[in-house]
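Shown next, in structure tokens, is the structure this report addresses.
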Amino acid sequence: MKFSKISLGTVQFGIDYGISPSNKQVNRKEIINILNYAKQHNIDLLDTAPAYGDSELVLGESNIDNFKIVTKTRHFNQDILTTQDAEFLSSDFNKSLKLLKQKSVYGLMIHNADDLLKLGADNVYNQLKKLKQEGLIAKIGVSIYNGDQLQKIIDQFDIDLVQLPFNILDRRLISSGMLQKLNNLGVEVHARSIFLQGLLLMNKDSRTEQFNRWDNLWRLWHEWLNDNKITALEATIRYAISKSEISKVLVGVNSTKQLQEIIQATKGSLPKIPNEIFTEDINLLNPSNWSA
């Protein structure tokens with residue numbers, strides 16, 4: 001069986017997430033429907049984290065035995081990591097396993113990549129290696145935000161799995177050669193934020209004033225979509241799954257209908273993308289900068 005490149009991000013199973021008013025926490029009944037629909041369409045991976053509210057608990061109560069699970073560590077707030085932090089990681093992970101009702105998971109990711117760049121990071125990395133040797137995790141992963149951060153980490157540690165932001169406007173990881181480098185190293189890549197928290201799917205009237213400074217980019221984006229008779233959903237999802245270096249493309253949904261639309265949108269070709277819609281503006285590409 002060929003599994004889908006689409007995987008389910010489950011942050012909305014535990015908390016409200018995203019800038020759209022419709023991105024509310026999903027109710028339990030609809031979560032079951034979404035998971036069943038995902039299973040029927042060969043989606044085999046779920047991404048969660050303790051930071052996603054009740055997500056792990058809800059998944060554990062929803063019969064996820066046929067899915068691979070990726071979960072994450074806590075954020076470590078201090079500047080130096082110790083053996084005690086490694087113990088916290090192990091304790092948190094055991095709690096995640098209990099909530100998820102799993103004996104092991106596919107991947108455990110450092111949720112805040114900067115934690116691997118702190119003094120004493122070896123302590124938490126060695127704990128991850130121990131969990132892998134014990135068969136409790138198949139892959140050691142890290143969730144990153146930019147290429148510089150990632151380069152420093154892969155220079156220091158053997159990483160099996162990387163989750164990174166990637167979308168149709170953002171060419172940084174391609175132009176820098178980082179995606180190809182990860183592929184050459186045999187690192188599995190999961191792309192997230194392909195809709196830029198829903199911003200790329202909005203029309204002009206839906207976007208708030210804070211995004212008006214990119215009016216020229218939005219005009220080019222919508223002109224290209226209209227000229228090629230392709231929707232924003234079709235363009236964004238097809239672009240992400242077209243990259244051979246990317247193993248999984250994470251999507252978050254709050255209904256079965258949304259997942260159905262996403263799967264349908266993957267079918268079809270992608271027109272040539274004009275260079276004018278690519279940007280490296282981190283004030284747009286990094287949602288944490290939006291309020292600046």
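Just so we're on the same page: first chain in the structure tokens is A, next is B, and so on; residues restart at 1 for each chain, and ligands are numbered from 1 in the order they show up.
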Each residue of stretch 56-169 of chain A with at least one atom at most 12 Å from stretch 28-37 of chain A should appear once, together with its nearest atom pair and the corresponding distance in Å (one decimal); atoms considered: only C-alpha atoms; ordering: chain, then increasing residue number; output as a tab-separated table.
```
residue	atom	partner	partner_atom	distance
A:Leu57	CA	A:Arg28	CA	10.9
A:Val58	CA	A:Arg28	CA	7.4
A:Leu59	CA	A:Ile31	CA	8.5
A:Gly60	CA	A:Ile32	CA	11.3
A:Glu61	CA	A:Arg28	CA	9.4
A:Ser62	CA	A:Ile32	CA	6.3
A:Asn63	CA	A:Ile32	CA	8.6
A:Ile64	CA	A:Leu35	CA	8.0
A:Asp65	CA	A:Leu35	CA	11.1
A:Asn66	CA	A:Leu35	CA	10.2
A:Phe67	CA	A:Leu35	CA	9.4
```
(message) Set the distance at 8 Å and use only C-alpha atoms: which residues neighbour A:Lys152 once local chain neighbours fewer than 4 positions away are removed? I'd like the list as a count of residues only.
(response) 3
(request) Return the single residue from A:Ile154, A:Ala86, A:Ala49, A:Ile174 that is closest to A:Tyr125, with distances computed using only C-alpha atoms. (result) A:Ala86
(request) Determine which residues of stretch 5-201 of chain A DSSP labels as strand (DSSP E or B) from the backbone of this structure, then write them out as an MDAnalysis selection string. (result) chainID A and resid 6:9 45:47 68:72 80 105:110 119 137:143 161:165 170 188:192
(message) Considering only C-alpha atoms, can you say which of A:Ile168, A:Leu8, A:Val124, A:Leu285 comes closest to A:Thr82?
(response)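 Answer, going by the shortest atom-to-atom distance: A:Val124.
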(request) List every residue of stretch 116-265 of chain A that DSSP, applied to the backbone of this structure, places in alpha helix (DSSP H), and write the result as a ChimeraX atom specification. (result) /A:121-133,147-156,172-175,178-185,215-227,232-241,256-265
(message) With distances taken over only C-alpha atoms, which residue among A:Gly268, A:Gly177, A:Gly141, A:Gly252 lies nearest A:Ala38?
(response) A:Gly252
(request) Go through A:Asn275, A:Asp79, A:Arg171, A:Ser104 and flag the residue nearest A:Gln133, using only C-alpha atoms for the distances. (result) A:Ser104
